[in-house]
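What follows is the content of final15.tsv, which has TSV, C-alpha atoms:
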chain	number	residue	atom	x	y	z
A	1	MET	CA	40.50	144.64	-26.00
A	2	LEU	CA	40.42	142.19	-23.09
A	3	ALA	CA	37.21	140.23	-22.54
A	4	GLN	CA	35.03	142.02	-20.00
A	5	ILE	CA	31.81	141.36	-18.08
A	6	ALA	CA	29.07	143.97	-18.46
A	7	LEU	CA	25.80	144.60	-16.63
A	8	VAL	CA	22.82	146.01	-18.57
A	9	VAL	CA	20.11	147.58	-16.40
A	10	ASP	CA	16.91	148.46	-18.27
A	11	ASP	CA	13.28	147.45	-17.81
A	12	ASP	CA	12.88	147.18	-21.59
A	13	GLU	CA	13.69	143.55	-22.43
A	14	PHE	CA	14.15	144.24	-26.13
A	15	PHE	CA	16.61	147.07	-25.54
A	16	ARG	CA	18.56	144.84	-23.14
A	17	MET	CA	18.77	142.30	-25.97
A	18	ALA	CA	20.01	144.98	-28.39
A	19	LEU	CA	22.74	146.10	-25.98
A	20	HIS	CA	23.62	142.46	-25.29
A	21	THR	CA	24.25	141.98	-29.03
A	22	ILE	CA	26.42	145.11	-29.28
A	23	LEU	CA	28.43	144.26	-26.17
A	24	THR	CA	29.16	140.67	-27.15
A	25	GLY	CA	29.26	140.99	-30.93
A	26	GLN	CA	31.00	144.34	-31.36
A	27	LEU	CA	32.84	145.09	-28.11
A	28	GLY	CA	34.09	141.65	-27.15
A	29	CYS	CA	32.39	141.25	-23.78
A	30	SER	CA	32.69	137.67	-22.57
A	31	LYS	CA	29.47	137.87	-20.55
A	32	VAL	CA	26.50	140.22	-20.23
A	33	ILE	CA	24.34	140.14	-17.11
A	34	GLU	CA	20.87	141.71	-17.27
A	35	ALA	CA	18.74	143.44	-14.64
A	36	GLY	CA	15.34	145.07	-14.90
A	37	CYS	CA	15.44	147.45	-11.93
A	38	PHE	CA	17.85	149.31	-9.66
A	39	ASP	CA	17.58	146.85	-6.75
A	40	GLU	CA	18.30	143.91	-9.03
A	41	ALA	CA	21.35	145.77	-10.35
A	42	LEU	CA	22.67	146.18	-6.80
A	43	GLU	CA	22.16	142.47	-6.21
A	44	ARG	CA	24.11	141.58	-9.36
A	45	LEU	CA	26.95	143.97	-8.56
A	46	SER	CA	27.17	142.67	-4.99
A	47	ASP	CA	27.15	139.02	-6.10
A	48	GLN	CA	29.65	139.32	-8.96
A	49	ALA	CA	32.78	141.32	-8.17
A	50	ASP	CA	34.31	141.06	-11.66
A	51	ILE	CA	31.74	143.24	-13.46
A	52	SER	CA	33.69	145.94	-15.30
A	53	PHE	CA	30.92	148.00	-16.90
A	54	ALA	CA	27.34	148.83	-15.91
A	55	LEU	CA	24.90	150.41	-18.36
A	56	PHE	CA	21.83	152.07	-16.81
A	57	ASP	CA	18.61	153.41	-18.24
A	58	LEU	CA	17.06	156.27	-16.24
A	59	SER	CA	13.36	155.47	-16.73
A	60	MET	CA	12.97	152.29	-14.71
A	61	PRO	CA	11.92	151.15	-11.23
A	62	GLY	CA	14.24	152.27	-8.46
A	63	ILE	CA	15.77	155.34	-10.11
A	64	ARG	CA	14.18	158.69	-9.36
A	65	THR	CA	16.89	161.00	-10.71
A	66	PRO	CA	20.30	160.51	-12.38
A	67	ALA	CA	21.83	161.55	-9.04
A	68	ASN	CA	20.75	158.16	-7.65
A	69	LEU	CA	23.60	156.58	-9.64
A	70	LYS	CA	26.05	158.14	-7.20
A	71	VAL	CA	25.53	155.15	-4.88
A	72	ILE	CA	26.84	152.85	-7.63
A	73	ARG	CA	29.96	154.97	-8.13
A	74	GLU	CA	30.63	155.17	-4.39
A	75	THR	CA	29.92	151.52	-3.57
A	76	PHE	CA	31.52	149.95	-6.66
A	77	PRO	CA	34.30	152.40	-7.62
A	78	SER	CA	36.02	149.99	-10.03
A	79	VAL	CA	32.91	149.71	-12.25
A	80	ARG	CA	32.67	152.11	-15.19
A	81	VAL	CA	29.08	153.38	-15.27
A	82	VAL	CA	27.30	154.52	-18.45
A	83	VAL	CA	23.80	155.97	-18.82
A	84	VAL	CA	22.01	154.81	-21.97
A	85	SER	CA	18.78	156.77	-21.91
A	86	ALA	CA	15.93	158.04	-24.08
A	87	SER	CA	16.14	161.36	-22.24
A	88	ASN	CA	17.90	164.16	-24.10
A	89	SER	CA	17.42	166.57	-21.22
A	90	ARG	CA	20.54	168.64	-20.54
A	91	ARG	CA	19.59	168.57	-16.87
A	92	ASP	CA	19.64	164.75	-16.83
A	93	VAL	CA	23.05	164.71	-18.55
A	94	LEU	CA	24.50	167.24	-16.09
A	95	MET	CA	23.11	165.42	-13.06
A	96	ALA	CA	24.44	162.08	-14.31
A	97	LEU	CA	27.91	163.55	-14.88
A	98	GLU	CA	27.77	165.17	-11.44
A	99	ALA	CA	27.00	161.71	-10.01
A	100	GLY	CA	30.27	160.50	-11.54
A	101	VAL	CA	29.14	158.41	-14.53
A	102	HIS	CA	31.67	157.73	-17.29
A	103	GLY	CA	29.31	158.45	-20.15
A	104	TYR	CA	25.82	159.48	-21.23
A	105	VAL	CA	24.61	157.84	-24.45
A	106	PRO	CA	21.22	158.90	-25.93
A	107	LYS	CA	19.11	155.99	-27.15
A	108	ASN	CA	18.19	157.87	-30.32
A	109	LEU	CA	21.69	157.46	-31.72
A	110	GLY	CA	22.22	154.92	-34.49
A	111	ILE	CA	23.68	151.50	-33.72
A	112	ALA	CA	27.10	152.51	-35.08
A	113	GLU	CA	27.14	155.65	-32.92
A	114	VAL	CA	26.05	153.79	-29.77
A	115	THR	CA	28.76	151.23	-30.42
A	116	ALA	CA	31.39	153.95	-30.91
A	117	ALA	CA	30.28	155.73	-27.73
A	118	LEU	CA	30.45	152.57	-25.61
A	119	LYS	CA	33.81	151.63	-27.14
A	120	ALA	CA	35.17	155.04	-26.13
A	121	VAL	CA	34.06	154.50	-22.52
A	122	PHE	CA	35.46	150.96	-22.51
A	123	GLU	CA	38.81	152.40	-23.61
A	124	GLY	CA	38.91	154.94	-20.79
A	125	ALA	CA	37.25	158.06	-22.21
A	126	VAL	CA	34.22	159.91	-20.88
A	127	TYR	CA	31.45	160.17	-23.48
A	128	VAL	CA	29.03	163.12	-23.56
A	129	PRO	CA	26.44	163.90	-26.27
A	130	SER	CA	27.44	166.80	-28.50
A	131	PHE	CA	24.24	168.78	-27.79
A	132	LEU	CA	25.59	169.47	-24.31
A	133	SER	CA	28.06	171.97	-25.79
A	134	GLU	CA	25.41	173.89	-27.73
A	135	ILE	CA	24.44	177.36	-26.48
A	136	ARG	CA	20.88	177.31	-25.16
A	137	PRO	CA	18.67	179.19	-22.69
A	138	ASN	CA	19.70	178.38	-19.14
A	139	THR	CA	16.23	177.21	-18.06
A	140	GLU	CA	17.21	173.68	-17.11
A	141	GLU	CA	20.50	174.75	-15.51
A	142	ALA	CA	18.55	177.32	-13.48
A	143	ASN	CA	16.06	174.67	-12.40
A	144	LEU	CA	18.96	172.42	-11.36
A	145	ALA	CA	20.55	175.24	-9.37
A	146	SER	CA	17.20	175.94	-7.70
A	147	THR	CA	16.89	172.28	-6.75
A	148	GLU	CA	20.38	172.28	-5.26
A	149	THR	CA	19.65	175.47	-3.33
A	150	SER	CA	16.65	173.84	-1.67
A	151	ALA	CA	18.55	170.63	-0.90
A	152	ALA	CA	18.63	171.43	2.81
A	153	THR	CA	14.86	170.99	3.19
A	154	PRO	CA	13.63	167.62	4.52
A	155	GLU	CA	11.56	166.97	1.37
A	156	ALA	CA	14.55	167.68	-0.89
A	157	VAL	CA	16.86	165.41	1.11
A	158	LEU	CA	14.33	162.57	0.93
A	159	ARG	CA	13.79	163.13	-2.81
A	160	ALA	CA	17.54	162.75	-3.33
A	161	LEU	CA	17.29	159.18	-2.02
A	162	THR	CA	16.17	156.29	-4.21
A	163	PRO	CA	12.72	154.88	-3.39
A	164	ARG	CA	14.37	151.77	-1.91
A	165	GLN	CA	16.71	153.88	0.24
A	166	GLN	CA	13.63	155.66	1.58
A	167	ASP	CA	12.05	152.29	2.42
A	168	VAL	CA	15.22	151.23	4.25
A	169	LEU	CA	15.38	154.55	6.12
A	170	HIS	CA	11.80	154.18	7.37
A	171	LEU	CA	12.61	150.70	8.69
A	172	ILE	CA	15.84	151.92	10.35
A	173	VAL	CA	13.78	154.60	12.10
A	174	ARG	CA	11.49	151.79	13.33
A	175	GLY	CA	14.52	150.02	14.78
A	176	GLU	CA	14.64	147.10	12.34
A	177	SER	CA	17.92	145.20	11.87
A	178	ASN	CA	19.47	144.55	8.44
A	179	LYS	CA	18.16	140.99	8.55
A	180	GLU	CA	14.64	142.20	9.36
A	181	ILE	CA	14.81	144.85	6.63
A	182	ALA	CA	15.96	142.25	4.11
A	183	ARG	CA	13.01	140.03	5.04
A	184	ALA	CA	10.49	142.89	4.95
A	185	LEU	CA	11.65	144.19	1.55
A	186	ASN	CA	12.50	140.79	0.04
A	187	LEU	CA	16.13	141.80	-0.55
A	188	GLY	CA	19.45	140.13	0.05
A	189	GLU	CA	21.12	141.20	3.28
A	190	GLY	CA	24.17	142.32	1.27
A	191	THR	CA	21.99	144.65	-0.78
A	192	VAL	CA	20.49	146.11	2.40
A	193	LYS	CA	24.03	146.81	3.65
A	194	VAL	CA	24.73	148.75	0.43
A	195	HIS	CA	21.59	150.85	0.95
A	196	VAL	CA	22.46	151.48	4.61
A	197	ALA	CA	26.00	152.57	3.70
A	198	ALA	CA	24.59	154.93	1.07
A	199	LEU	CA	22.17	156.39	3.63
A	200	PHE	CA	25.03	157.02	6.05
A	201	ARG	CA	26.86	158.98	3.35
A	202	ASN	CA	23.79	160.91	2.19
A	203	LEU	CA	22.76	161.82	5.73
A	204	GLY	CA	26.31	162.59	6.88
A	205	VAL	CA	26.20	160.15	9.80
A	206	ASN	CA	28.40	157.25	10.86
A	207	SER	CA	26.14	155.15	13.06
A	208	ARG	CA	22.77	153.45	12.86
A	209	ALA	CA	21.44	155.44	15.83
A	210	ALA	CA	22.40	158.72	14.18
A	211	ALA	CA	20.78	157.59	10.92
A	212	ALA	CA	17.57	156.72	12.79
A	213	ALA	CA	17.53	160.12	14.51
A	214	ALA	CA	18.24	162.01	11.29
A	215	GLY	CA	15.66	159.94	9.42
A	216	ALA	CA	12.99	160.61	12.02
A	217	ARG	CA	13.62	164.37	11.76
A	218	LEU	CA	13.51	164.28	7.95
A	219	ILE	CA	10.33	162.21	7.78
A	220	SER	CA	8.61	164.41	10.35
A	221	GLY	CA	9.74	167.59	8.58
A	222	ALA	CA	8.61	166.35	5.18
A	223	GLU	CA	5.16	165.39	6.54
A	224	LYS	CA	4.69	168.88	7.98
A	225	ALA	CA	5.86	170.72	4.83
A	226	PRO	CA	3.18	172.36	2.64
A	227	LYS	CA	2.50	170.46	-0.57
A	228	VAL	CA	2.92	172.17	-3.95
A	229	CYS	CA	2.36	170.97	-7.49
A	230	PRO	CA	5.70	170.24	-9.17
A	231	LEU	CA	6.51	171.89	-12.49
A	232	SER	CA	7.39	169.51	-15.29
A	233	ALA	CA	10.92	169.92	-16.60
A	234	ALA	CA	11.43	170.83	-20.24
A	235	THR	CA	12.92	168.08	-22.36
A	236	ASP	CA	15.46	168.72	-25.07
A	237	ARG	CA	14.75	166.62	-28.17
A	238	ALA	CA	18.05	167.26	-29.98
A	239	GLY	CA	20.05	164.29	-31.18
A	240	GLY	CA	23.54	163.43	-30.04
A	241	THR	CA	26.80	162.54	-31.72
A	242	LEU	CA	30.17	161.51	-30.47
A	243	ALA	CA	31.86	163.98	-28.16
A	244	ILE	CA	34.68	162.53	-26.05
A	245	VAL	CA	36.37	164.16	-23.10
A	246	ARG	CA	39.57	162.52	-21.89
Kindly return the structure encoded in the file as structure tokens.
Amino acid sequence: MLAQIALVVDDDEFFRMALHTILTGQLGCSKVIEAGCFDEALERLSDQADISFALFDLSMPGIRTPANLKVIRETFPSVRVVVVSASNSRRDVLMALEAGVHGYVPKNLGIAEVTAALKAVFEGAVYVPSFLSEIRPNTEEANLASTETSAATPEAVLRALTPRQQDVLHLIVRGESNKEIARALNLGEGTVKVHVAALFRNLGVNSRAAAAAAGARLISGAEKAPKVCPLSAATDRAGGTLAIVR
């Protein structure tokens, strides 16, 4: 296997260290870059074009749902993206796969299994946990379908954005330039450009003026919408083993 550069994105320093050891010691990565949040990951990917693999946790600052990883797949199409998460929710797995990730590895697997799963992705396969193929009640799939059905509402569209994308959208609506947004949010201007491009795609617009107009309508609509208490999603606790789809 050729030496590769990997990015590990997790707010748990000790788990980053564990993955660092697997990637360098078992999978032959020549370099492992670490990030503790989604914005930092975008900075690293923008700064270093030769990153081949990016491993993301789901429970960290900047990621609201697995669908938020779609911006990584669209902006950095040559990077193979893997979720390494403590969540064994079928809904999370399905949403991550829908976003285009190349694998979903549960953290509760043993070291040997995690290594085998990552090796499969590195070699071109798509890894999914075996529990995804088990027959279960369709509660989570129904919840996912219900979410998608309501995606046309202003609140749902805004929820589909990452928290940072929402920040950028508010500043675009206020007429701020990329340089001003970068200064206000303490981001690199290149990272702001990535967020703006993602907003254009998510909102279905191709100009800053159209994004500002669409954003103003969404923000206004969401503020006027009645508030309801969200239901907590059920979490599947089943373990996972190697299941590769080529």
*Which residue out of A:Leu161, A:Ala211, A:Leu69, A:Ile111 has the minimum interatomic distance to A:Leu23 when all atoms listed in the file are used?*
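Ranked by minimum distance to A:Leu23, first place goes to A:Ile111.
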_Among the residues A:Met17, A:Val128, A:Leu185, A:Val71, the one that comes closest to A:Leu199 [using all atoms listed in the file]_ = A:Val71
*So which one's closest to A:Pro66, A:Ala86, A:Val93, A:Ala156, A:Ala112? Using all atoms listed in the file, please.*
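The closest residue to A:Pro66 is A:Val93.
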*asked:* Need to verify the contact set: A:Phe56, 10 Å, all atoms listed in the file, exclusion of same-chain residues closer than 6 positions in sequence. Can you return it as a PyMOL selection string?
replied: chain A and resi 7-11+35-38+41+63+66+69+81-85+101+104-105
_Given all atoms listed in the file as the counted atoms, nearest of A:Leu97, A:Pro61, A:Ala49, A:Leu118 to A:Phe76_ = A:Ala49
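The environment of A:Val79 within 10 Å, counting all atoms listed in the file and disregarding residues fewer than 6 places along the same chain, consists of Ala6, Leu7, Leu45, Ala49, Asp50, Ile51, Ser52, Phe53, Ala54, Ile72, Arg73, Val101 and His102 of chain A.
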